[in-house]
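Trainee: Provided herewith: query.pdb, PDB, C-alpha atoms and all ligand atoms.
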ATOM      1  CA  MET A 772      62.138  65.837 138.933
ATOM      2  CA  GLU A 773      58.564  65.682 137.672
ATOM      3  CA  HIS A 774      57.327  68.995 136.371
ATOM      4  CA  VAL A 775      53.566  69.342 136.502
ATOM      5  CA  ILE A 776      51.874  72.005 134.461
ATOM      6  CA  ALA A 777      48.348  72.730 135.593
ATOM      7  CA  ASP A 778      47.728  75.136 132.751
ATOM      8  CA  PRO A 779      49.432  73.823 129.607
ATOM      9  CA  LEU A 780      50.582  77.140 128.189
ATOM     10  CA  GLY A 781      47.120  78.700 128.063
ATOM     11  CA  THR A 782      47.983  81.840 129.981
ATOM     12  CA  ARG A 783      51.727  81.359 130.147
ATOM     13  CA  ARG A 784      54.063  84.045 128.884
ATOM     14  CA  VAL A 785      56.440  82.334 126.496
ATOM     15  CA  VAL A 786      59.594  83.915 125.091
ATOM     16  CA  VAL A 787      61.699  82.628 122.177
ATOM     17  CA  THR A 788      65.342  83.737 122.007
ATOM     18  CA  GLY A 789      67.096  83.601 118.642
ATOM     19  CA  ALA A 790      63.759  84.351 116.994
ATOM     20  CA  GLY A 791      65.566  85.413 113.823
ATOM     21  CA  GLY A 792      66.975  81.888 113.358
ATOM     22  CA  GLN A 793      65.484  78.844 111.666
ATOM     23  CA  LEU A 794      64.407  77.006 114.816
ATOM     24  CA  GLY A 795      63.149  80.252 116.353
ATOM     25  CA  ALA A 796      60.830  80.734 113.361
ATOM     26  CA  ALA A 797      59.392  77.231 113.783
ATOM     27  CA  LEU A 798      58.910  77.623 117.540
ATOM     28  CA  LEU A 799      56.955  80.843 117.044
ATOM     29  CA  GLU A 800      54.498  78.769 114.999
ATOM     30  CA  ALA A 801      54.371  75.846 117.434
ATOM     31  CA  PHE A 802      53.805  78.198 120.391
ATOM     32  CA  PRO A 803      51.299  80.763 119.083
ATOM     33  CA  GLY A 804      51.353  83.947 121.129
ATOM     34  CA  ALA A 805      54.998  83.484 122.118
ATOM     35  CA  ARG A 806      57.137  86.626 122.054
ATOM     36  CA  GLY A 807      60.078  86.354 119.696
ATOM     37  CA  LEU A 808      63.316  88.093 120.669
ATOM     38  CA  THR A 809      65.971  88.615 118.011
ATOM     39  CA  ARG A 810      69.551  89.566 118.739
ATOM     40  CA  ALA A 811      68.506  93.220 118.279
ATOM     41  CA  ASP A 812      65.918  92.783 121.058
ATOM     42  CA  TRP A 813      68.299  91.049 123.436
ATOM     43  CA  ASP A 814      71.934  90.174 122.820
ATOM     44  CA  VAL A 815      72.124  87.298 125.287
ATOM     45  CA  THR A 816      75.781  87.983 126.068
ATOM     46  CA  ALA A 817      74.307  90.800 128.184
ATOM     47  CA  PRO A 818      72.145  90.241 131.285
ATOM     48  CA  PRO A 819      68.375  90.065 130.718
ATOM     49  CA  PRO A 820      66.581  93.324 129.913
ATOM     50  CA  ALA A 821      64.708  94.763 132.878
ATOM     51  CA  ASP A 822      61.292  94.375 131.247
ATOM     52  CA  LEU A 823      61.679  90.578 131.145
ATOM     53  CA  ALA A 824      62.374  90.165 134.863
ATOM     54  CA  GLY A 825      59.431  88.355 136.451
ATOM     55  CA  ALA A 826      57.506  88.587 133.185
ATOM     56  CA  VAL A 827      58.268  85.204 131.662
ATOM     57  CA  ASP A 828      56.848  81.750 132.409
ATOM     58  CA  LEU A 829      58.768  79.713 129.834
ATOM     59  CA  VAL A 830      61.819  80.421 127.670
ATOM     60  CA  LEU A 831      62.530  78.580 124.439
ATOM     61  CA  HIS A 832      66.230  79.313 124.138
ATOM     62  CA  THR A 833      67.583  78.933 120.608
ATOM     63  CA  ALA A 834      69.946  81.927 120.453
ATOM     64  CA  ALA A 835      73.398  80.503 119.837
ATOM     65  CA  TRP A 836      76.728  80.849 118.100
ATOM     66  CA  THR A 837      76.086  78.236 115.392
ATOM     67  CA  ASP A 838      79.141  78.837 113.183
ATOM     68  CA  VAL A 839      80.877  75.523 113.916
ATOM     69  CA  ASP A 840      84.070  76.331 111.986
ATOM     70  CA  GLY A 841      84.177  79.946 113.198
ATOM     71  CA  ALA A 842      84.136  78.762 116.810
ATOM     72  CA  GLU A 843      87.537  77.094 116.333
ATOM     73  CA  ALA A 844      89.160  80.478 115.698
ATOM     74  CA  ASP A 845      87.041  82.353 118.207
ATOM     75  CA  PRO A 846      86.141  79.989 121.081
ATOM     76  CA  GLN A 847      85.850  82.782 123.643
ATOM     77  CA  ASP A 848      83.199  84.647 121.695
ATOM     78  CA  ALA A 849      81.383  81.392 120.959
ATOM     79  CA  ALA A 850      81.414  80.604 124.685
ATOM     80  CA  ALA A 851      80.146  84.092 125.529
ATOM     81  CA  VAL A 852      76.985  83.302 123.552
ATOM     82  CA  ASN A 853      76.563  79.575 124.132
ATOM     83  CA  VAL A 854      77.567  79.441 127.794
ATOM     84  CA  GLY A 855      77.263  83.012 129.107
ATOM     85  CA  GLY A 856      74.103  83.595 127.077
ATOM     86  CA  THR A 857      72.446  80.467 128.421
ATOM     87  CA  GLN A 858      73.379  81.488 131.953
ATOM     88  CA  HIS A 859      71.746  84.886 131.401
ATOM     89  CA  VAL A 860      68.604  83.182 130.104
ATOM     90  CA  ALA A 861      68.517  80.952 133.195
ATOM     91  CA  GLU A 862      68.764  84.088 135.357
ATOM     92  CA  LEU A 863      65.227  84.946 134.274
ATOM     93  CA  GLY A 864      64.179  82.274 136.751
ATOM     94  CA  ALA A 865      61.660  80.650 134.398
ATOM     95  CA  PRO A 866      61.698  77.054 133.170
ATOM     96  CA  LEU A 867      63.525  76.834 129.868
ATOM     97  CA  VAL A 868      63.974  74.612 126.889
ATOM     98  CA  ALA A 869      67.658  74.881 125.980
ATOM     99  CA  PHE A 870      68.525  73.506 122.560
ATOM    100  CA  SER A 871      71.754  71.585 122.198
ATOM    101  CA  THR A 872      73.473  69.433 119.653
ATOM    102  CA  ASP A 873      74.696  66.016 118.523
ATOM    103  CA  TYR A 874      78.156  67.621 118.293
ATOM    104  CA  VAL A 875      78.571  67.069 122.054
ATOM    105  CA  PHE A 876      79.459  63.470 121.083
ATOM    106  CA  ASP A 877      82.739  62.261 119.608
ATOM    107  CA  GLY A 878      81.095  60.101 116.933
ATOM    108  CA  ARG A 879      82.925  56.881 117.719
ATOM    109  CA  LYS A 880      79.739  54.861 118.304
ATOM    110  CA  ARG A 881      78.078  53.032 115.434
ATOM    111  CA  GLU A 882      74.624  52.906 116.929
ATOM    112  CA  PRO A 883      72.439  55.815 118.013
ATOM    113  CA  TYR A 884      73.536  57.995 120.898
ATOM    114  CA  VAL A 885      71.108  57.983 123.826
ATOM    115  CA  GLU A 886      70.843  60.406 126.728
ATOM    116  CA  SER A 887      73.024  58.305 129.068
ATOM    117  CA  ASP A 888      75.955  58.175 126.643
ATOM    118  CA  PRO A 889      78.894  60.257 127.883
ATOM    119  CA  PRO A 890      79.491  63.420 125.850
ATOM    120  CA  ASN A 891      82.983  64.015 124.513
ATOM    121  CA  PRO A 892      82.891  67.007 122.185
ATOM    122  CA  GLN A 893      85.684  67.272 119.625
ATOM    123  CA  SER A 894      85.092  70.859 118.490
ATOM    124  CA  ALA A 895      85.052  74.237 120.210
ATOM    125  CA  TYR A 896      81.381  74.610 119.227
ATOM    126  CA  GLY A 897      80.544  71.236 120.808
ATOM    127  CA  ARG A 898      82.390  72.150 123.999
ATOM    128  CA  THR A 899      80.576  75.488 124.334
ATOM    129  CA  LYS A 900      77.221  73.788 123.777
ATOM    130  CA  LEU A 901      77.995  71.161 126.426
ATOM    131  CA  HIS A 902      78.978  73.847 128.935
ATOM    132  CA  GLY A 903      75.825  75.696 127.906
ATOM    133  CA  GLU A 904      73.778  72.649 128.908
ATOM    134  CA  ALA A 905      75.230  72.913 132.416
ATOM    135  CA  ALA A 906      74.560  76.663 132.487
ATOM    136  CA  ALA A 907      70.847  76.117 131.817
ATOM    137  CA  GLY A 908      70.269  75.206 135.471
ATOM    138  CA  GLU A 909      67.947  72.656 136.989
ATOM    139  CA  GLU A 910      64.610  73.860 135.647
ATOM    140  CA  ALA A 911      65.550  73.053 132.082
ATOM    141  CA  TRP A 912      64.710  70.635 129.361
ATOM    142  CA  ILE A 913      67.995  70.182 127.470
ATOM    143  CA  VAL A 914      66.840  69.222 124.000
ATOM    144  CA  ARG A 915      69.617  67.810 121.833
ATOM    145  CA  SER A 916      68.868  67.657 118.133
ATOM    146  CA  SER A 917      70.886  67.323 114.954
ATOM    147  CA  TRP A 918      71.470  68.579 111.411
ATOM    148  CA  LEU A 919      68.639  71.136 111.496
ATOM    149  CA  PHE A 920      67.044  72.521 108.370
ATOM    150  CA  GLY A 921      64.130  74.876 107.856
ATOM    151  CA  TRP A 922      62.664  77.382 105.459
ATOM    152  CA  THR A 923      64.684  80.360 106.707
ATOM    153  CA  SER A 924      68.268  81.104 107.691
ATOM    154  CA  ARG A 925      71.423  79.370 106.455
ATOM    155  CA  ASN A 926      71.140  75.620 106.278
ATOM    156  CA  PHE A 927      72.233  72.657 104.169
ATOM    157  CA  VAL A 928      68.917  72.253 102.330
ATOM    158  CA  ARG A 929      68.775  75.889 101.222
ATOM    159  CA  THR A 930      72.454  75.826 100.239
ATOM    160  CA  MET A 931      71.975  72.670  98.130
ATOM    161  CA  LEU A 932      68.887  74.110  96.434
ATOM    162  CA  ALA A 933      70.924  77.167  95.403
ATOM    163  CA  LEU A 934      73.936  75.125  94.256
ATOM    164  CA  GLY A 935      71.804  72.501  92.511
ATOM    165  CA  ALA A 936      70.108  75.185  90.434
ATOM    166  CA  GLU A 937      73.483  76.549  89.239
ATOM    167  CA  ARG A 938      75.747  73.529  88.863
ATOM    168  CA  ASP A 939      75.857  70.071  87.275
ATOM    169  CA  GLU A 940      77.759  68.580  90.186
ATOM    170  CA  VAL A 941      78.471  69.286  93.841
ATOM    171  CA  ALA A 942      81.043  67.620  96.095
ATOM    172  CA  VAL A 943      79.527  66.516  99.395
ATOM    173  CA  VAL A 944      80.925  64.681 102.411
ATOM    174  CA  ASP A 945      79.924  61.023 102.608
ATOM    175  CA  ASP A 946      81.654  59.887 105.813
ATOM    176  CA  GLN A 947      79.529  61.648 108.425
ATOM    177  CA  ARG A 948      76.189  60.073 109.403
ATOM    178  CA  GLY A 949      73.441  61.871 111.263
ATOM    179  CA  SER A 950      69.722  62.471 111.526
ATOM    180  CA  PRO A 951      68.705  65.510 109.454
ATOM    181  CA  THR A 952      65.840  67.105 111.361
ATOM    182  CA  PHE A 953      63.178  69.513 110.104
ATOM    183  CA  VAL A 954      62.747  72.451 112.492
ATOM    184  CA  GLY A 955      58.943  72.225 112.193
ATOM    185  CA  HIS A 956      59.026  68.670 113.532
ATOM    186  CA  LEU A 957      61.484  69.584 116.292
ATOM    187  CA  ALA A 958      59.345  72.543 117.383
ATOM    188  CA  ALA A 959      56.237  70.325 117.554
ATOM    189  CA  ALA A 960      58.165  67.738 119.596
ATOM    190  CA  ALA A 961      59.403  70.441 121.990
ATOM    191  CA  ARG A 962      55.809  71.581 122.430
ATOM    192  CA  GLU A 963      54.776  67.989 123.162
ATOM    193  CA  LEU A 964      57.508  67.694 125.794
ATOM    194  CA  VAL A 965      56.443  70.885 127.554
ATOM    195  CA  ASP A 966      52.706  70.143 127.346
ATOM    196  CA  ALA A 967      53.255  66.663 128.781
ATOM    197  CA  GLY A 968      55.029  68.153 131.797
ATOM    198  CA  ALA A 969      57.954  65.857 131.046
ATOM    199  CA  PRO A 970      60.745  65.701 133.627
ATOM    200  CA  TYR A 971      63.562  68.198 133.213
ATOM    201  CA  GLY A 972      66.927  67.001 131.968
ATOM    202  CA  VAL A 973      68.449  65.857 128.706
ATOM    203  CA  TRP A 974      66.165  64.717 125.888
ATOM    204  CA  HIS A 975      67.271  63.532 122.460
ATOM    205  CA  LEU A 976      64.761  64.775 119.892
ATOM    206  CA  ALA A 977      65.846  64.146 116.310
ATOM    207  CA  ALA A 978      64.200  62.864 113.173
ATOM    208  CA  ASP A 979      63.760  59.190 112.556
ATOM    209  CA  GLY A 980      66.180  57.725 110.004
ATOM    210  CA  GLU A 981      69.819  58.480 109.258
ATOM    211  CA  CYS A 982      72.007  59.300 106.281
ATOM    212  CA  THR A 983      75.225  61.006 105.221
ATOM    213  CA  TRP A 984      75.406  64.591 103.949
ATOM    214  CA  ALA A 985      75.918  63.229 100.431
ATOM    215  CA  GLU A 986      72.798  61.066 100.722
ATOM    216  CA  LEU A 987      70.879  64.059 102.024
ATOM    217  CA  ALA A 988      72.036  66.153  99.055
ATOM    218  CA  GLU A 989      70.847  63.423  96.678
ATOM    219  CA  ALA A 990      67.469  63.309  98.434
ATOM    220  CA  ILE A 991      67.157  67.107  98.157
ATOM    221  CA  PHE A 992      67.885  67.063  94.401
ATOM    222  CA  GLU A 993      65.501  64.153  93.881
ATOM    223  CA  GLU A 994      62.650  65.745  95.829
ATOM    224  CA  ALA A 995      63.222  69.161  94.244
ATOM    225  CA  GLY A 996      63.575  67.744  90.714
ATOM    226  CA  LEU A 997      67.056  69.233  90.243
ATOM    227  CA  ASP A 998      69.418  67.622  87.775
ATOM    228  CA  CYS A 999      72.633  67.802  89.782
ATOM    229  CA  ARG A1000      75.086  64.997  90.532
ATOM    230  CA  VAL A1001      76.607  64.450  93.942
ATOM    231  CA  ARG A1002      80.310  63.642  94.033
ATOM    232  CA  ARG A1003      81.044  61.849  97.286
ATOM    233  CA  ILE A1004      84.103  63.135  99.148
ATOM    234  CA  THR A1005      85.647  62.591 102.561
ATOM    235  CA  THR A1006      85.760  64.959 105.512
ATOM    236  CA  GLU A1007      89.527  65.109 105.044
ATOM    237  CA  GLU A1008      89.145  66.191 101.415
ATOM    238  CA  LEU A1009      86.753  68.978 102.433
ATOM    239  CA  GLY A1010      89.281  70.177 105.016
ATOM    240  CA  ARG A1011      87.077  72.245 107.320
ATOM    241  CA  PRO A1012      88.647  73.690 110.496
ATOM    242  CA  ALA A1013      86.288  72.023 113.012
ATOM    243  CA  PRO A1014      86.258  68.265 113.558
ATOM    244  CA  ARG A1015      82.792  66.753 113.269
ATOM    245  CA  PRO A1016      81.540  63.409 114.552
ATOM    246  CA  ALA A1017      81.638  60.635 111.944
ATOM    247  CA  TYR A1018      78.441  59.248 113.471
ATOM    248  CA  SER A1019      75.998  61.288 115.536
ATOM    249  CA  VAL A1020      72.550  59.756 115.146
ATOM    250  CA  LEU A1021      70.454  60.582 118.209
ATOM    251  CA  ARG A1022      67.680  58.475 119.752
ATOM    252  CA  SER A1023      65.859  58.769 123.037
ATOM    253  CA  GLU A1024      65.901  56.048 125.656
ATOM    254  CA  ARG A1025      63.500  57.996 127.878
ATOM    255  CA  PRO A1026      59.927  56.800 128.446
ATOM    256  CA  GLY A1027      57.378  59.088 126.813
ATOM    257  CA  ALA A1028      59.880  60.827 124.540
ATOM    258  CA  PRO A1029      58.175  62.491 121.582
ATOM    259  CA  VAL A1030      58.816  60.599 118.346
ATOM    260  CA  LEU A1031      59.657  62.708 115.310
ATOM    261  CA  PRO A1032      58.754  61.807 111.717
ATOM    262  CA  HIS A1033      61.411  60.498 109.333
ATOM    263  CA  GLY A1034      63.876  63.059 108.007
ATOM    264  CA  ARG A1035      62.661  62.424 104.469
ATOM    265  CA  ALA A1036      59.144  63.500 105.485
ATOM    266  CA  GLY A1037      60.740  66.558 107.079
ATOM    267  CA  LEU A1038      62.559  67.302 103.849
ATOM    268  CA  ARG A1039      59.302  67.194 101.876
ATOM    269  CA  ASP A1040      57.577  69.468 104.407
ATOM    270  CA  CYS A1041      60.502  71.879 104.271
ATOM    271  CA  LEU A1042      60.561  71.986 100.467
ATOM    272  CA  ASN A1043      56.818  72.661 100.463
ATOM    273  CA  ARG A1044      57.336  75.578 102.849
ATOM    274  CA  ILE A1045      60.128  76.986 100.707
ATOM    275  CA  ALA A1046      57.995  76.624  97.547
ATOM    276  CA  ALA A1047      55.045  78.336  99.265
ATOM    277  CA  ARG A1048      57.271  81.297 100.173
ATOM    278  CA  ARG A1049      58.376  81.658  96.570
ATOM    279  CA  SER A1050      54.874  81.606  95.073
TER     280      SER A1050
HETATM  281  N1  LIG A1101      71.724  74.150 112.929
HETATM  282  C1  LIG A1101      71.930  72.903 113.333
HETATM  283  O1  LIG A1101      72.219  71.993 112.551
HETATM  284  C2  LIG A1101      71.770  72.556 114.791
HETATM  285  C3  LIG A1101      71.892  71.221 115.182
HETATM  286  C4  LIG A1101      71.715  70.901 116.528
HETATM  287  C5  LIG A1101      71.431  71.883 117.446
HETATM  288  N2  LIG A1101      71.348  73.175 117.030
HETATM  289  C6  LIG A1101      71.040  74.190 118.051
HETATM  290  O2  LIG A1101      69.705  74.627 117.822
HETATM  291  C7  LIG A1101      69.584  75.998 118.182
HETATM  292  C8  LIG A1101      68.994  76.788 117.029
HETATM  293  O3  LIG A1101      69.841  76.674 115.909
HETATM  294  P1  LIG A1101      69.439  77.259 114.496
HETATM  295  O4  LIG A1101      69.818  76.236 113.494
HETATM  296  O5  LIG A1101      68.039  77.812 114.540
HETATM  297  O6  LIG A1101      70.482  78.443 114.400
HETATM  298  P2  LIG A1101      70.425  79.818 113.583
HETATM  299  O7  LIG A1101      69.472  79.717 112.446
HETATM  300  O8  LIG A1101      71.848  80.161 113.331
HETATM  301  O9  LIG A1101      69.806  80.796 114.646
HETATM  302  C9  LIG A1101      70.512  81.200 115.781
HETATM  303  C10 LIG A1101      70.012  82.565 116.142
HETATM  304  O10 LIG A1101      70.716  83.000 117.310
HETATM  305  C11 LIG A1101      70.995  84.372 117.134
HETATM  306  N3  LIG A1101      72.103  84.810 117.951
HETATM  307  C12 LIG A1101      73.435  84.591 117.765
HETATM  308  N4  LIG A1101      74.141  85.212 118.707
HETATM  309  C13 LIG A1101      73.242  85.847 119.519
HETATM  310  C14 LIG A1101      73.359  86.653 120.650
HETATM  311  N5  LIG A1101      74.562  86.969 121.189
HETATM  312  N6  LIG A1101      72.238  87.150 121.230
HETATM  313  C15 LIG A1101      71.028  86.852 120.707
HETATM  314  N7  LIG A1101      70.841  86.099 119.616
HETATM  315  C16 LIG A1101      71.945  85.596 119.026
HETATM  316  C17 LIG A1101      71.304  84.523 115.667
HETATM  317  O11 LIG A1101      71.150  85.881 115.323
HETATM  318  P3  LIG A1101      71.977  86.497 114.082
HETATM  319  O12 LIG A1101      71.253  85.999 112.856
HETATM  320  O13 LIG A1101      71.868  87.957 114.307
HETATM  321  O14 LIG A1101      73.373  85.958 114.171
HETATM  322  C18 LIG A1101      70.264  83.610 115.038
HETATM  323  O15 LIG A1101      69.066  84.296 114.758
HETATM  324  C19 LIG A1101      70.984  76.431 118.612
HETATM  325  O16 LIG A1101      71.072  76.323 120.006
HETATM  326  C20 LIG A1101      71.903  75.416 117.966
HETATM  327  O17 LIG A1101      73.099  75.276 118.682
HETATM  328  C21 LIG A1101      71.492  73.522 115.740
END
Once you've parsed the file, please lay out its structure as structure tokens.
Ligand SMILES: NC(=O)c1ccc[n+]([C@@H]2O[C@H](COP(=O)([O-])OP(=O)(O)OC[C@H]3O[C@@H](n4cnc5c(N)ncnc54)[C@H](OP(=O)(O)O)[C@@H]3O)[C@@H](O)[C@H]2O)c1
Mentor:
Amino acid sequence: MEHVIADPLGTRRVVVTGAGGQLGAALLEAFPGARGLTRADWDVTAPPPADLAGAVDLVLHTAAWTDVDGAEADPQDAAAVNVGGTQHVAELGAPLVAFSTDYVFDGRKREPYVESDPPNPQSAYGRTKLHGEAAAGEEAWIVRSSWLFGWTSRNFVRTMLALGAERDEVAVVDDQRGSPTFVGHLAAAARELVDAGAPYGVWHLAADGECTWAELAEAIFEEAGLDCRVRRITTEELGRPAPRPAYSVLRSERPGAPVLPHGRAGLRDCLNRIAARRS
């Protein structure tokens, strides 16, 4: 369905859920004037607060259970947030951008996943996110992205910066390939999608390029000037509870899909943001 926006956001009341998270922070910059809601403002496992009813024109829904390993032990609570929460957001009756993940795929492909590829999540987190996509309703852009990093919150880049400053060597998985995506670039692409009045449905929006976690760690140390070696290990050696796709690079096959910069450019932008916060 074509969604035409006569007034591209000018007077629209935009709400960001999960505003305390890394993508939430980036969206608040890409959509100036948007109202950020943290978990304290609205725990999305509960129905929408009365003051939001009829008072929202667009929801950017990032609130989620993002603890991939924790979801294996606690799938019901993860589903309460990722499925029930998304359903509550949809109940607001406003168009929404619902963010989803490359972990809806099983990782058996060896070329980028496009929107028409059948999902087959292997983890509890991936299953809850896939069901969350369905719960977003028909007036929704389902934006799948991957391996997010930003200047706030817990993420791989910030973890590696901390470890790289303390240690001579870190062990990092080298048998999972994905597209590390800077939240600033994803937020700008989401804005482009909405402003263009793109059709609702699934959109793959991830950084250009691909690498393994070990290669990403090496890039982080190189860009940050940290003298830390990366010891390449396997997923099996790391032994985390949740299975992760061995390959989950995302590309869009849809006409007019926003194109994101390369992940390496995103890494540089992210490191600059982190450095600016420290100075
Ligand atoms: N991180 C990735 O690599 C990645 C990759 C692909 C897709 N995604 C998706 O992108 C979106 C944003 O992820 P992110 O990386 O920005 O995650 P994040 O930094 O973990 O932020 C998620 C936010 O959701 C909040 N939240 C959790 N449970 C909530 C609840 N019941 N009610 C309201 N808020 C709640 C969290 O609040 P607390 O801090 O209080 O817990 C946190 O501020 C998510 O939908 C995620 O599934 C993430």
Trainee: For atom CA of A:Val854 and atom CA of A:Pro883, quote the distance in Å rounded to one decimal.
Mentor: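 Separation between atom CA of A:Val854 and atom CA of A:Pro883: 26.1 Å.
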Trainee: With all atoms listed in the file as the atoms that count, which of A:Gly791, A:Pro818, A:Pro951, A:Gly980 lies nearest to ligand LIG 1101 (chain A)?
Mentor: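 The shortest atom-to-atom distance to ligand LIG 1101 (chain A) comes from A:Gly791.
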Trainee: Compile a residue-level contact table for chain A against ligand LIG 1101 (chain A) at a cut-off of 9 Å, reporting for every qualifying residue the shortest atom pair and its distance in Å to one decimal, with only C-alpha atoms and all ligand atoms counted, rows ordered by chain and ascending number, as CSV.
Mentor:
residue,atom,partner,partner_atom,distance
A:Thr788,CA,A:LIG1101,N7,6.4
A:Gly789,CA,A:LIG1101,O10,3.9
A:Ala790,CA,A:LIG1101,O15,5.8
A:Gly791,CA,A:LIG1101,O15,3.8
A:Gly792,CA,A:LIG1101,O9,3.3
A:Gln793,CA,A:LIG1101,O5,4.0
A:Leu794,CA,A:LIG1101,O5,3.7
A:Gly795,CA,A:LIG1101,O5,5.8
A:Ala796,CA,A:LIG1101,O5,7.9
A:Ala797,CA,A:LIG1101,O5,8.7
A:Leu808,CA,A:LIG1101,C15,7.8
A:Thr809,CA,A:LIG1101,N7,5.7
A:Arg810,CA,A:LIG1101,C15,3.7
A:Ala811,CA,A:LIG1101,C15,7.3
A:Asp812,CA,A:LIG1101,C15,7.8
A:Trp813,CA,A:LIG1101,C15,5.7
A:Asp814,CA,A:LIG1101,N6,3.4
A:Val815,CA,A:LIG1101,N6,4.1
A:Thr816,CA,A:LIG1101,N5,5.1
A:Ala817,CA,A:LIG1101,N5,8.0
A:His832,CA,A:LIG1101,O16,7.0
A:Thr833,CA,A:LIG1101,C7,4.3
A:Ala834,CA,A:LIG1101,O10,3.4
A:Ala835,CA,A:LIG1101,O10,4.5
A:Trp836,CA,A:LIG1101,C12,5.0
A:Thr837,CA,A:LIG1101,O8,5.1
A:Asp838,CA,A:LIG1101,O8,7.4
A:Asp848,CA,A:LIG1101,N5,9.0
A:Ala849,CA,A:LIG1101,N4,8.5
A:Ala851,CA,A:LIG1101,N5,7.6
A:Val852,CA,A:LIG1101,N5,5.0
A:Asn853,CA,A:LIG1101,O16,7.6
A:Gly856,CA,A:LIG1101,N5,6.8
A:Ala869,CA,A:LIG1101,O16,7.0
A:Phe870,CA,A:LIG1101,O16,4.6
A:Ser871,CA,A:LIG1101,C5,4.8
A:Thr872,CA,A:LIG1101,C4,3.9
A:Asp873,CA,A:LIG1101,C4,6.1
A:Tyr874,CA,A:LIG1101,C4,7.4
A:Tyr896,CA,A:LIG1101,O17,8.3
A:Gly897,CA,A:LIG1101,O17,8.7
A:Lys900,CA,A:LIG1101,O17,6.7
A:Val914,CA,A:LIG1101,C5,8.4
A:Arg915,CA,A:LIG1101,C5,6.3
A:Ser916,CA,A:LIG1101,C4,4.6
A:Ser917,CA,A:LIG1101,C4,4.0
A:Trp918,CA,A:LIG1101,O1,3.7
A:Leu919,CA,A:LIG1101,O1,3.8
A:Phe920,CA,A:LIG1101,O1,6.7
A:Gly921,CA,A:LIG1101,O4,8.1
A:Thr923,CA,A:LIG1101,O7,7.5
A:Ser924,CA,A:LIG1101,O7,5.1
A:Arg925,CA,A:LIG1101,O7,6.3
A:Asn926,CA,A:LIG1101,N1,6.8
A:Phe927,CA,A:LIG1101,O1,8.4
A:Pro951,CA,A:LIG1101,O1,8.0
A:Thr952,CA,A:LIG1101,O1,8.1
A:Val954,CA,A:LIG1101,O5,7.8
A:Ala977,CA,A:LIG1101,C4,9.0
Trainee: Write a file of the selected residues as an mmCIF file, in the frame of the given file, keeping C-alpha atoms.
Mentor:
data_model
loop_
_atom_site.group_PDB
_atom_site.id
_atom_site.type_symbol
_atom_site.label_atom_id
_atom_site.label_comp_id
_atom_site.auth_asym_id
_atom_site.auth_seq_id
_atom_site.Cartn_x
_atom_site.Cartn_y
_atom_site.Cartn_z
ATOM 1 C CA THR A 788 65.342 83.737 122.007
ATOM 2 C CA GLY A 789 67.096 83.601 118.642
ATOM 3 C CA ALA A 790 63.759 84.351 116.994
ATOM 4 C CA GLY A 791 65.566 85.413 113.823
ATOM 5 C CA GLY A 792 66.975 81.888 113.358
ATOM 6 C CA GLN A 793 65.484 78.844 111.666
ATOM 7 C CA LEU A 794 64.407 77.006 114.816
ATOM 8 C CA GLY A 795 63.149 80.252 116.353
ATOM 9 C CA ALA A 796 60.830 80.734 113.361
ATOM 10 C CA ALA A 797 59.392 77.231 113.783
ATOM 11 C CA LEU A 808 63.316 88.093 120.669
ATOM 12 C CA THR A 809 65.971 88.615 118.011
ATOM 13 C CA ARG A 810 69.551 89.566 118.739
ATOM 14 C CA ALA A 811 68.506 93.220 118.279
ATOM 15 C CA ASP A 812 65.918 92.783 121.058
ATOM 16 C CA TRP A 813 68.299 91.049 123.436
ATOM 17 C CA ASP A 814 71.934 90.174 122.820
ATOM 18 C CA VAL A 815 72.124 87.298 125.287
ATOM 19 C CA THR A 816 75.781 87.983 126.068
ATOM 20 C CA ALA A 817 74.307 90.800 128.184
ATOM 21 C CA HIS A 832 66.230 79.313 124.138
ATOM 22 C CA THR A 833 67.583 78.933 120.608
ATOM 23 C CA ALA A 834 69.946 81.927 120.453
ATOM 24 C CA ALA A 835 73.398 80.503 119.837
ATOM 25 C CA TRP A 836 76.728 80.849 118.100
ATOM 26 C CA THR A 837 76.086 78.236 115.392
ATOM 27 C CA ASP A 838 79.141 78.837 113.183
ATOM 28 C CA ASP A 848 83.199 84.647 121.695
ATOM 29 C CA ALA A 849 81.383 81.392 120.959
ATOM 30 C CA ALA A 851 80.146 84.092 125.529
ATOM 31 C CA VAL A 852 76.985 83.302 123.552
ATOM 32 C CA ASN A 853 76.563 79.575 124.132
ATOM 33 C CA GLY A 856 74.103 83.595 127.077
ATOM 34 C CA ALA A 869 67.658 74.881 125.980
ATOM 35 C CA PHE A 870 68.525 73.506 122.560
ATOM 36 C CA SER A 871 71.754 71.585 122.198
ATOM 37 C CA THR A 872 73.473 69.433 119.653
ATOM 38 C CA ASP A 873 74.696 66.016 118.523
ATOM 39 C CA TYR A 874 78.156 67.621 118.293
ATOM 40 C CA TYR A 896 81.381 74.610 119.227
ATOM 41 C CA GLY A 897 80.544 71.236 120.808
ATOM 42 C CA LYS A 900 77.221 73.788 123.777
ATOM 43 C CA VAL A 914 66.840 69.222 124.000
ATOM 44 C CA ARG A 915 69.617 67.810 121.833
ATOM 45 C CA SER A 916 68.868 67.657 118.133
ATOM 46 C CA SER A 917 70.886 67.323 114.954
ATOM 47 C CA TRP A 918 71.470 68.579 111.411
ATOM 48 C CA LEU A 919 68.639 71.136 111.496
ATOM 49 C CA PHE A 920 67.044 72.521 108.370
ATOM 50 C CA GLY A 921 64.130 74.876 107.856
ATOM 51 C CA THR A 923 64.684 80.360 106.707
ATOM 52 C CA SER A 924 68.268 81.104 107.691
ATOM 53 C CA ARG A 925 71.423 79.370 106.455
ATOM 54 C CA ASN A 926 71.140 75.620 106.278
ATOM 55 C CA PHE A 927 72.233 72.657 104.169
ATOM 56 C CA PRO A 951 68.705 65.510 109.454
ATOM 57 C CA THR A 952 65.840 67.105 111.361
ATOM 58 C CA VAL A 954 62.747 72.451 112.492
ATOM 59 C CA ALA A 977 65.846 64.146 116.310
#
